[in-house]
file structure.txt (compact mmCIF, C-alpha atoms)
# COMPACT_ATOMS: atom_id res chain seq x y z
CA MET S 1 0.00 0.00 0.00
CA GLY S 2 1.72 3.13 -1.19
CA TYR S 3 5.21 3.83 -0.06
CA ASP S 4 6.55 1.86 2.83
CA ALA S 5 7.15 4.56 5.42
CA SER S 6 6.96 2.37 8.56
CA GLY S 7 4.81 4.41 10.89
CA ILE S 8 5.36 7.83 9.33
CA LYS S 9 2.35 9.11 7.44
CA LEU S 10 2.96 10.57 4.01
CA SER S 11 0.74 12.91 2.09
CA ASN S 12 0.98 15.53 -0.59
CA ILE S 13 -1.76 17.72 0.81
CA GLU S 14 -1.42 20.20 3.63
CA TYR S 15 -4.92 20.52 5.01
CA PHE S 16 -6.31 17.52 6.88
CA PRO S 17 -9.92 17.51 8.04
CA GLY S 18 -10.17 15.73 11.38
CA TYR S 19 -6.49 16.10 12.17
CA ALA S 20 -4.50 18.87 13.78
CA ILE S 21 -0.92 19.81 13.06
CA THR S 22 0.57 20.43 16.48
CA GLN S 23 4.18 21.04 15.44
CA HIS S 24 6.02 22.07 12.30
CA LEU S 25 9.50 20.61 12.13
CA GLY S 26 10.77 21.97 8.84
CA LEU S 27 11.70 20.65 5.45
CA VAL S 28 12.98 17.10 5.07
CA GLN S 29 14.27 15.61 1.88
CA GLY S 30 15.81 12.49 0.46
CA SER S 31 17.43 11.84 -2.85
CA THR S 32 19.21 9.13 -4.73
CA VAL S 33 21.11 8.93 -7.98
CA ARG S 34 20.77 5.67 -9.79
CA ALA S 35 22.36 4.26 -12.88
CA LYS S 36 20.82 1.56 -15.00
CA HIS S 37 22.81 -1.57 -15.55
CA VAL S 38 23.97 -2.74 -18.93
CA GLY S 39 21.72 -5.79 -19.08
CA ARG S 40 18.64 -3.72 -18.53
CA ASP S 41 19.81 -1.17 -21.05
CA ILE S 42 20.24 -3.79 -23.74
CA MET S 43 16.81 -5.24 -22.96
CA ALA S 44 15.32 -1.75 -23.10
CA SER S 45 16.93 -1.08 -26.47
CA LEU S 46 15.38 -4.28 -27.77
CA LYS S 47 12.03 -3.37 -26.25
CA ASN S 48 12.28 0.01 -27.95
CA ILE S 49 11.96 -1.67 -31.35
CA VAL S 50 8.42 -2.77 -30.56
CA GLY S 51 7.54 0.06 -28.21
CA GLY S 52 5.44 -0.03 -25.08
CA GLU S 53 6.36 -0.03 -21.44
CA LEU S 54 10.02 -0.44 -20.53
CA LYS S 55 9.42 -2.58 -17.43
CA GLY S 56 13.06 -2.76 -16.39
CA TYR S 57 13.29 1.00 -16.16
CA THR S 58 9.94 1.32 -14.43
CA GLU S 59 11.13 -1.08 -11.72
CA LEU S 60 14.44 0.71 -11.44
CA LEU S 61 12.80 4.09 -10.94
CA ASN S 62 10.28 2.71 -8.46
CA GLU S 63 13.05 1.17 -6.36
CA SER S 64 14.99 4.42 -6.49
CA ARG S 65 12.00 6.50 -5.55
CA GLN S 66 11.32 4.22 -2.59
CA GLU S 67 14.91 4.77 -1.49
CA ALA S 68 14.54 8.55 -1.75
CA VAL S 69 11.34 8.29 0.32
CA ASP S 70 13.18 6.09 2.87
CA ARG S 71 15.83 8.76 3.31
CA MET S 72 13.25 11.49 3.67
CA VAL S 73 11.38 9.39 6.26
CA ALA S 74 14.62 8.74 8.16
CA GLN S 75 15.18 12.51 8.40
CA ALA S 76 11.60 13.03 9.54
CA ARG S 77 11.99 10.39 12.22
CA ALA S 78 15.24 11.99 13.38
CA VAL S 79 13.47 15.29 14.06
CA GLY S 80 10.61 13.52 15.87
CA ALA S 81 7.86 13.87 13.30
CA ASN S 82 5.04 11.41 12.77
CA ALA S 83 4.06 12.63 9.32
CA VAL S 84 5.52 14.26 6.25
CA ILE S 85 3.06 16.48 4.44
CA ASN S 86 3.09 18.29 1.13
CA VAL S 87 5.44 15.70 -0.35
CA ARG S 88 6.76 16.50 -3.83
CA PHE S 89 8.70 14.34 -6.21
CA SER S 90 11.11 15.51 -8.82
CA THR S 91 13.30 13.74 -11.32
CA ALA S 92 16.43 15.13 -12.92
CA ASN S 93 18.50 13.68 -15.68
CA ILE S 94 22.12 13.94 -14.62
CA ALA S 95 23.86 12.20 -17.49
CA ALA S 96 23.13 9.47 -19.99
CA GLY S 97 22.32 6.47 -17.84
CA ALA S 98 21.88 8.25 -14.52
CA ALA S 99 18.85 9.87 -12.96
CA GLU S 100 18.33 11.67 -9.70
CA LEU S 101 15.12 11.07 -7.81
CA LEU S 102 14.25 13.60 -5.17
CA ALA S 103 11.46 13.56 -2.60
CA TYR S 104 10.84 16.40 -0.19
CA GLY S 105 8.19 17.57 2.20
CA THR S 106 7.44 19.19 5.53
CA ALA S 107 7.91 17.14 8.69
CA VAL S 108 5.09 17.68 11.18
CA VAL S 109 3.46 16.17 14.21
CA LEU S 110 -0.07 15.30 13.19
CA GLU S 111 -2.73 14.34 15.71
CA ARG S 112 -6.18 12.99 15.15
CA ARG S 113 -8.76 15.28 16.70
CA GLY S 114 -11.92 14.28 18.53
CA MET N 1 26.00 -5.49 -50.96
CA GLY N 2 26.73 -4.37 -47.41
CA ASP N 3 24.46 -1.39 -47.88
CA LEU N 4 21.70 -3.64 -49.13
CA ILE N 5 21.97 -5.83 -46.03
CA ALA N 6 21.89 -2.74 -43.81
CA LEU N 7 18.84 -1.45 -45.66
CA GLY N 8 17.14 -4.83 -45.36
CA PHE N 9 17.84 -4.79 -41.62
CA VAL N 10 16.26 -1.38 -41.23
CA VAL N 11 13.22 -2.45 -43.25
CA ILE N 12 12.82 -5.55 -41.06
CA LEU N 13 13.07 -3.41 -37.94
CA LEU N 14 10.46 -1.04 -39.34
CA ILE N 15 8.06 -3.89 -40.14
CA VAL N 16 8.61 -5.56 -36.78
CA GLY N 17 8.16 -2.22 -35.04
CA PHE N 18 4.98 -1.43 -36.94
CA VAL N 19 3.34 -4.85 -36.50
CA PHE N 20 4.23 -5.51 -32.86
CA GLY N 21 3.89 -1.86 -31.94
CA SER N 22 0.33 -1.76 -33.29
CA ILE N 23 -0.61 -5.05 -31.63
CA GLY N 24 0.86 -3.91 -28.34
CA GLN N 25 -0.87 -0.57 -28.57
CA SER N 26 -4.36 -1.92 -29.23
CA ARG N 27 -3.92 -4.56 -26.52
CA HIS N 28 -2.76 -1.90 -24.08
CA TYR N 29 -5.70 0.39 -24.89
CA ARG N 30 -8.11 -2.51 -24.38
CA SER N 31 -6.64 -3.26 -20.96
CA ILE N 32 -6.64 0.46 -20.05
CA LYS N 33 -10.32 0.78 -20.94
CA THR N 34 -11.46 -2.24 -18.93
CA ARG N 35 -9.44 -1.19 -15.89
CA GLU N 36 -10.63 2.42 -16.13
CA PHE N 37 -14.18 1.13 -16.10
CA ARG N 38 -13.53 -1.13 -13.12
CA LEU N 39 -11.86 1.64 -11.09
CA ARG N 40 -14.29 4.42 -11.96
CA HIS N 41 -15.61 4.49 -8.35
CA ILE N 42 -12.32 6.03 -7.19
CA LEU N 43 -12.61 9.76 -7.72
CA LEU N 44 -9.68 11.96 -8.60
CA PHE N 45 -9.34 15.58 -7.59
CA ASN N 46 -6.49 17.96 -8.02
CA GLU N 47 -7.66 20.24 -5.29
CA LYS N 48 -5.95 20.22 -1.95
CA MET N 49 -8.83 20.25 0.49
CA PRO N 50 -10.68 17.03 1.16
CA PRO N 51 -14.31 17.70 2.16
CA THR N 52 -15.20 17.36 5.80
CA GLN N 53 -16.91 13.97 5.28
CA TYR N 54 -13.39 12.58 5.16
CA ALA N 55 -12.52 14.03 8.58
CA GLY N 56 -10.32 11.73 10.61
CA GLN N 57 -10.16 8.99 7.97
CA GLU N 58 -7.00 7.14 7.06
CA PHE N 59 -4.93 8.61 4.26
CA ALA N 60 -1.78 7.67 2.41
CA LEU N 61 0.41 8.83 -0.41
CA VAL N 62 -0.21 6.76 -3.53
CA SER N 63 1.59 6.89 -6.81
CA GLY N 64 1.91 5.17 -10.11
CA SER N 65 4.58 5.49 -12.71
CA VAL N 66 5.44 3.99 -16.02
CA ILE N 67 8.23 4.46 -18.50
CA MET N 68 7.03 4.32 -22.06
CA GLY N 69 9.07 3.83 -25.16
CA SER N 70 8.07 4.38 -28.73
CA ASP N 71 8.55 1.69 -31.35
CA TYR N 72 11.04 1.88 -34.19
CA PHE N 73 8.46 2.57 -36.88
CA ARG N 74 6.64 5.31 -35.04
CA GLN N 75 9.91 6.90 -34.01
CA MET N 76 10.96 7.01 -37.65
CA ILE N 77 7.62 8.54 -38.65
CA ALA N 78 7.99 11.14 -35.93
CA GLY N 79 11.47 11.92 -37.22
CA LEU N 80 10.08 12.50 -40.72
CA LYS N 81 7.19 14.58 -39.40
CA GLY N 82 9.77 16.69 -37.63
CA ILE N 83 10.85 18.06 -40.99
CA PHE N 84 7.43 19.53 -41.78
CA GLY N 85 6.21 20.13 -38.26
CA GLY N 86 2.72 19.47 -36.98
CA ARG N 87 1.24 16.96 -34.59
CA LEU N 88 3.32 13.94 -33.76
CA THR N 89 0.42 11.55 -33.26
CA SER N 90 2.69 8.57 -32.63
CA PHE N 91 4.21 10.28 -29.60
CA GLU N 92 0.83 11.60 -28.54
CA THR N 93 -0.58 8.09 -28.22
CA MET N 94 2.56 6.90 -26.43
CA LEU N 95 2.23 9.63 -23.79
CA ASP N 96 -1.53 9.19 -23.53
CA ARG N 97 -1.14 5.46 -22.90
CA GLY N 98 1.57 6.07 -20.36
CA ARG N 99 -0.33 8.72 -18.46
CA ARG N 100 -3.51 6.68 -18.27
CA GLU N 101 -1.50 3.66 -17.18
CA ALA N 102 0.21 5.70 -14.44
CA ILE N 103 -3.16 6.98 -13.20
CA LEU N 104 -4.52 3.43 -13.19
CA ARG N 105 -1.59 2.15 -11.15
CA MET N 106 -2.15 4.96 -8.66
CA LYS N 107 -5.84 4.07 -8.50
CA GLU N 108 -5.03 0.37 -7.99
CA GLU N 109 -2.84 1.31 -5.04
CA ALA N 110 -5.67 3.42 -3.63
CA GLU N 111 -8.08 0.53 -4.12
CA ARG N 112 -5.82 -1.77 -2.10
CA MET N 113 -6.05 0.55 0.90
CA GLY N 114 -9.82 0.86 0.49
CA ALA N 115 -9.80 4.50 -0.53
CA ASN N 116 -12.57 5.98 -2.64
CA ALA N 117 -11.00 9.32 -3.49
CA ILE N 118 -7.57 10.71 -4.30
CA PHE N 119 -6.88 14.37 -3.63
CA ASN N 120 -4.21 16.70 -4.96
CA VAL N 121 -3.39 14.50 -7.92
CA ARG N 122 -0.23 15.62 -9.68
CA LEU N 123 0.90 14.46 -13.08
CA GLU N 124 4.53 14.62 -14.00
CA THR N 125 6.43 13.86 -17.15
CA SER N 126 10.16 13.58 -17.44
CA THR N 127 12.38 12.43 -20.22
CA LEU N 128 15.12 10.00 -19.40
CA SER N 129 18.13 9.49 -21.56
CA PHE N 130 19.10 6.14 -20.14
CA SER N 131 20.67 4.93 -23.31
CA GLN N 132 24.14 6.01 -24.32
CA GLN N 133 22.70 6.74 -27.74
CA GLY N 134 20.06 8.91 -26.17
CA ASN N 135 22.15 11.99 -26.68
CA ARG N 136 22.20 11.56 -30.39
CA GLU N 137 19.46 13.31 -32.32
CA GLY N 138 17.03 11.42 -34.49
CA LYS N 139 16.76 7.70 -34.89
CA GLY N 140 18.86 5.34 -32.86
CA GLY N 141 18.25 7.15 -29.60
CA LEU N 142 15.61 5.83 -27.26
CA ALA N 143 12.48 7.91 -27.30
CA CYS N 144 11.25 7.29 -23.79
CA ALA N 145 9.54 9.27 -21.10
CA GLU N 146 8.49 8.66 -17.55
CA LEU N 147 4.89 9.43 -16.72
CA MET N 148 4.04 9.67 -13.07
CA ALA N 149 0.89 10.34 -11.11
CA TYR N 150 0.69 10.83 -7.38
CA GLY N 151 -1.77 12.02 -4.82
CA THR N 152 -3.21 11.44 -1.38
CA ALA N 153 -5.78 8.67 -1.14
CA TRP N 154 -8.45 8.93 1.53
CA ARG N 155 -10.47 6.05 2.88
CA ALA N 156 -14.21 6.39 2.48
CA PRO N 157 -16.12 7.83 5.43
CA ALA N 158 -17.70 5.16 7.65
CA ALA N 159 -21.20 6.22 6.73
CA SER N 160 -21.90 6.97 3.09
CA PRO N 161 -21.69 10.67 2.12
CA ALA N 162 -25.37 10.54 1.15
CA ALA N 163 -26.37 9.48 4.66
CA ASN N 164 -24.22 12.24 6.09
CA ALA N 165 -25.68 14.91 3.86
CA GLY N 166 -28.43 15.91 6.29
CA ASN N 167 -26.07 15.91 9.21
CA PRO N 168 -22.76 17.44 8.13
CA GLN N 169 -19.83 16.55 10.33
CA THR N 170 -18.04 19.48 11.85
CA LEU N 171 -14.29 19.71 12.06
call {"tool": "encode", "arguments": {"input": "structure.txt", "output": "structure tokens"}}
result
Amino acid sequence: MGYDASGIKLSNIEYFPGYAITQHLGLVQGSTVRAKHVGRDIMASLKNIVGGELKGYTELLNESRQEAVDRMVAQARAVGANAVINVRFSTANIAAGAAELLAYGTAVVLERRG
Amino acid sequence: MGDLIALGFVVILLIVGFVFGSIGQSRHYRSIKTREFRLRHILLFNEKMPPTQYAGQEFALVSGSVIMGSDYFRQMIAGLKGIFGGRLTSFETMLDRGRREAILRMKEEAERMGANAIFNVRLETSTLSFSQQGNREGKGGLACAELMAYGTAWRAPAASPAANAGNPQTL
């Protein structure tokens, strides 16, 4: 179910009906730079002849994004947050064969009200 | 002779690309349509404020992403179209398929947690030059793009929104 954040709630909205933000703990972020491996690249080149989804790359990016989220969550835990809100993702192409995945958000203490 | 073999190779690639690309595309569209119909009960919003019926319900970040590549034939066509300009329909369908697939994967994730709405849906597109040849212009380089959708899924209120209508929950 979604990203595995082990106990830390993640969301990309900033207004939560039924919850109260009791503490703002600042920006947290996590990033990772990943390179594809040659085998996957060759398979992708072959797949590119017939088109369609490049599954190897999709998996690679999903793994990387999970890692970026893990790092962000680790930072949030370090500052004592129980949620990261307003999470944004961004992807940057560093060089041929390498991509940076970045996740960032605001660490908060979120409490259910009533 | 060598040129002839090279030309034959390109022609074979074009035919293979066209045939399998078309088959793959129509199969993909069929699967997209059935899944879109099955998941139509999950509502998508790109506004940030969930209505108060959702007060106190469970929420989670959900996302879906897919990397789509174009086939050899369509890439070639797009390259030729590039001379005269105009719509590149072959890339349009590639991105359309990818985006709808990404949204469906996000919805499937939301379905697994029992959500019935996703708020603040964001759609992102990025190009990835994974291949070494990707830097080169025109054919040979991989035409591929990552389509991503993410948002916050909210679990349905305990009572149905219709039942709550007469008695709106306060914050």
call {"tool": "residues_around", "arguments": {"input": "structure.txt", "residues": "stretch 7-22 of chain S", "least_positions_apart": "2", "cutoff": "9 Å", "atoms": "only C-alpha atoms", "output": "ChimeraX atom specification"}}
result
/S:3-5,24,73,76-77,81-88,105,108-114 /N:47-57,59-62,119-121,150-153,170-171
call {"tool": "closest_residue", "arguments": {"input": "structure.txt", "among": "S:Ala92, S:Ile42, S:Ser6, S:Val50", "to": "chain N", "atoms": "all atoms listed in the file"}}
result
S:Val50
call {"tool": "atom_distance", "arguments": {"input": "structure.txt", "atom1": "atom CA of S:Met72", "atom2": "atom CA of S:Thr106"}}
result
9.8 Å
call {"tool": "closest_residue", "arguments": {"input": "structure.txt", "among": "N:Arg122, N:Arg74, N:Arg30, N:Arg40", "to": "N:Ala102", "atoms": "all atoms listed in the file"}}
result
N:Arg122
call {"tool": "residues_around", "arguments": {"input": "structure.txt", "residues": "S:Ala98", "least_positions_apart": "2", "cutoff": "6 Å", "atoms": "only C-alpha atoms", "output": "PyMOL selection string"}}
result
chain S and resi 34-35+94-96
call {"tool": "residues_around", "arguments": {"input": "structure.txt", "residues": "N:Arg35", "least_positions_apart": "2", "cutoff": "12 Å", "atoms": "all atoms listed in the file", "output": "list of chain:residue names"}}
result
N:His28, N:Tyr29, N:Arg30, N:Ser31, N:Ile32, N:Lys33, N:Phe37, N:Arg38, N:Leu39, N:Arg40, N:His41, N:Ile42, N:Arg100, N:Glu101, N:Ala102, N:Ile103, N:Leu104, N:Arg105, N:Met106, N:Lys107, N:Glu108, N:Glu111
call {"tool": "closest_residue", "arguments": {"input": "structure.txt", "among": "N:Gly8, N:Gly85, N:Gly17, N:Gly2", "to": "chain S", "atoms": "only C-alpha atoms"}}
result
N:Gly17
call {"tool": "axis_aligned_box", "arguments": {"input": "structure.txt", "around": "stretch 70-81 of chain S", "padding_each_side": "6 Å", "output": "AutoDock Vina command-line options"}}
result
--center_x 11.8 --center_y 10.7 --center_z 9.4 --size_x 20.0 --size_y 21.2 --size_z 25.0
call {"tool": "atom_distance", "arguments": {"input": "structure.txt", "atom1": "atom CA of N:Met68", "atom2": "atom CA of S:Ile49"}}
result
12.1 Å
call {"tool": "closest_residue", "arguments": {"input": "structure.txt", "among": "S:Ser64, S:Gln75, S:Gln23, S:Ser90", "to": "N:Ala149", "atoms": "all atoms listed in the file"}}
result
S:Ser90
call {"tool": "atom_distance", "arguments": {"input": "structure.txt", "atom1": "atom CA of N:Phe45", "atom2": "atom CA of N:Ala145"}}
result
24.1 Å
call {"tool": "closest_residue", "arguments": {"input": "structure.txt", "among": "N:Asp96, N:Glu58, N:Glu36, N:Glu109", "to": "chain S", "atoms": "all atoms listed in the file"}}
result
N:Glu109
call {"tool": "closest_residue", "arguments": {"input": "structure.txt", "among": "S:Tyr57, S:Tyr104, S:Ser31, S:Leu46", "to": "chain N", "atoms": "all atoms listed in the file"}}
result
S:Tyr57
call {"tool": "residues_around", "arguments": {"input": "structure.txt", "residues": "S:Phe89", "least_positions_apart": "5", "cutoff": "9 Å", "atoms": "all atoms listed in the file", "output": "ChimeraX atom specification"}}
result
/S:65,101-104 /N:124,150
call {"tool": "residues_around", "arguments": {"input": "structure.txt", "residues": "S:Gly51", "least_positions_apart": "4", "cutoff": "8 Å", "atoms": "all atoms listed in the file", "output": "list in words"}}
result
Lys47 of chain S; Gly17, Phe20, Gly21, Gly24, Met68, Gly69, Ser70, Asp71 and Tyr72 of chain N
call {"tool": "decode", "arguments": {"input": "structure.txt", "residues": "stretch 5-77 of chain S", "atoms": "C-alpha atoms", "output": "PDB file, in the first residue's frame"}}
result
ATOM      1  CA  ALA S   5       7.153   4.555   5.415  1.00  0.00           C
ATOM      2  CA  SER S   6       6.963   2.367   8.558  1.00  0.00           C
ATOM      3  CA  GLY S   7       4.811   4.410  10.888  1.00  0.00           C
ATOM      4  CA  ILE S   8       5.359   7.833   9.335  1.00  0.00           C
ATOM      5  CA  LYS S   9       2.348   9.113   7.439  1.00  0.00           C
ATOM      6  CA  LEU S  10       2.957  10.575   4.013  1.00  0.00           C
ATOM      7  CA  SER S  11       0.741  12.913   2.086  1.00  0.00           C
ATOM      8  CA  ASN S  12       0.983  15.534  -0.594  1.00  0.00           C
ATOM      9  CA  ILE S  13      -1.760  17.720   0.812  1.00  0.00           C
ATOM     10  CA  GLU S  14      -1.419  20.204   3.627  1.00  0.00           C
ATOM     11  CA  TYR S  15      -4.924  20.516   5.007  1.00  0.00           C
ATOM     12  CA  PHE S  16      -6.313  17.518   6.882  1.00  0.00           C
ATOM     13  CA  PRO S  17      -9.920  17.509   8.041  1.00  0.00           C
ATOM     14  CA  GLY S  18     -10.174  15.732  11.383  1.00  0.00           C
ATOM     15  CA  TYR S  19      -6.492  16.099  12.168  1.00  0.00           C
ATOM     16  CA  ALA S  20      -4.500  18.869  13.777  1.00  0.00           C
ATOM     17  CA  ILE S  21      -0.919  19.811  13.061  1.00  0.00           C
ATOM     18  CA  THR S  22       0.567  20.425  16.483  1.00  0.00           C
ATOM     19  CA  GLN S  23       4.175  21.039  15.441  1.00  0.00           C
ATOM     20  CA  HIS S  24       6.020  22.068  12.295  1.00  0.00           C
ATOM     21  CA  LEU S  25       9.503  20.607  12.128  1.00  0.00           C
ATOM     22  CA  GLY S  26      10.767  21.967   8.839  1.00  0.00           C
ATOM     23  CA  LEU S  27      11.702  20.646   5.448  1.00  0.00           C
ATOM     24  CA  VAL S  28      12.980  17.105   5.070  1.00  0.00           C
ATOM     25  CA  GLN S  29      14.274  15.612   1.876  1.00  0.00           C
ATOM     26  CA  GLY S  30      15.807  12.492   0.458  1.00  0.00           C
ATOM     27  CA  SER S  31      17.426  11.840  -2.853  1.00  0.00           C
ATOM     28  CA  THR S  32      19.207   9.133  -4.731  1.00  0.00           C
ATOM     29  CA  VAL S  33      21.115   8.929  -7.983  1.00  0.00           C
ATOM     30  CA  ARG S  34      20.773   5.668  -9.788  1.00  0.00           C
ATOM     31  CA  ALA S  35      22.356   4.261 -12.877  1.00  0.00           C
ATOM     32  CA  LYS S  36      20.824   1.562 -14.996  1.00  0.00           C
ATOM     33  CA  HIS S  37      22.810  -1.570 -15.549  1.00  0.00           C
ATOM     34  CA  VAL S  38      23.970  -2.745 -18.931  1.00  0.00           C
ATOM     35  CA  GLY S  39      21.720  -5.795 -19.081  1.00  0.00           C
ATOM     36  CA  ARG S  40      18.636  -3.720 -18.529  1.00  0.00           C
ATOM     37  CA  ASP S  41      19.811  -1.165 -21.049  1.00  0.00           C
ATOM     38  CA  ILE S  42      20.244  -3.794 -23.742  1.00  0.00           C
ATOM     39  CA  MET S  43      16.808  -5.239 -22.962  1.00  0.00           C
ATOM     40  CA  ALA S  44      15.316  -1.755 -23.104  1.00  0.00           C
ATOM     41  CA  SER S  45      16.931  -1.078 -26.472  1.00  0.00           C
ATOM     42  CA  LEU S  46      15.379  -4.279 -27.774  1.00  0.00           C
ATOM     43  CA  LYS S  47      12.028  -3.367 -26.251  1.00  0.00           C
ATOM     44  CA  ASN S  48      12.275   0.005 -27.947  1.00  0.00           C
ATOM     45  CA  ILE S  49      11.963  -1.670 -31.351  1.00  0.00           C
ATOM     46  CA  VAL S  50       8.419  -2.769 -30.561  1.00  0.00           C
ATOM     47  CA  GLY S  51       7.538   0.056 -28.208  1.00  0.00           C
ATOM     48  CA  GLY S  52       5.437  -0.032 -25.082  1.00  0.00           C
ATOM     49  CA  GLU S  53       6.355  -0.030 -21.443  1.00  0.00           C
ATOM     50  CA  LEU S  54      10.019  -0.436 -20.533  1.00  0.00           C
ATOM     51  CA  LYS S  55       9.423  -2.579 -17.433  1.00  0.00           C
ATOM     52  CA  GLY S  56      13.061  -2.759 -16.386  1.00  0.00           C
ATOM     53  CA  TYR S  57      13.287   1.005 -16.161  1.00  0.00           C
ATOM     54  CA  THR S  58       9.935   1.319 -14.426  1.00  0.00           C
ATOM     55  CA  GLU S  59      11.134  -1.081 -11.720  1.00  0.00           C
ATOM     56  CA  LEU S  60      14.444   0.714 -11.439  1.00  0.00           C
ATOM     57  CA  LEU S  61      12.798   4.086 -10.937  1.00  0.00           C
ATOM     58  CA  ASN S  62      10.277   2.713  -8.459  1.00  0.00           C
ATOM     59  CA  GLU S  63      13.049   1.172  -6.363  1.00  0.00           C
ATOM     60  CA  SER S  64      14.990   4.421  -6.489  1.00  0.00           C
ATOM     61  CA  ARG S  65      12.003   6.501  -5.549  1.00  0.00           C
ATOM     62  CA  GLN S  66      11.324   4.217  -2.588  1.00  0.00           C
ATOM     63  CA  GLU S  67      14.908   4.770  -1.490  1.00  0.00           C
ATOM     64  CA  ALA S  68      14.539   8.549  -1.754  1.00  0.00           C
ATOM     65  CA  VAL S  69      11.341   8.292   0.319  1.00  0.00           C
ATOM     66  CA  ASP S  70      13.177   6.093   2.870  1.00  0.00           C
ATOM     67  CA  ARG S  71      15.828   8.756   3.310  1.00  0.00           C
ATOM     68  CA  MET S  72      13.252  11.486   3.671  1.00  0.00           C
ATOM     69  CA  VAL S  73      11.383   9.392   6.259  1.00  0.00           C
ATOM     70  CA  ALA S  74      14.621   8.742   8.160  1.00  0.00           C
ATOM     71  CA  GLN S  75      15.182  12.511   8.403  1.00  0.00           C
ATOM     72  CA  ALA S  76      11.599  13.030   9.542  1.00  0.00           C
ATOM     73  CA  ARG S  77      11.995  10.387  12.221  1.00  0.00           C
TER      74      ARG S  77
END
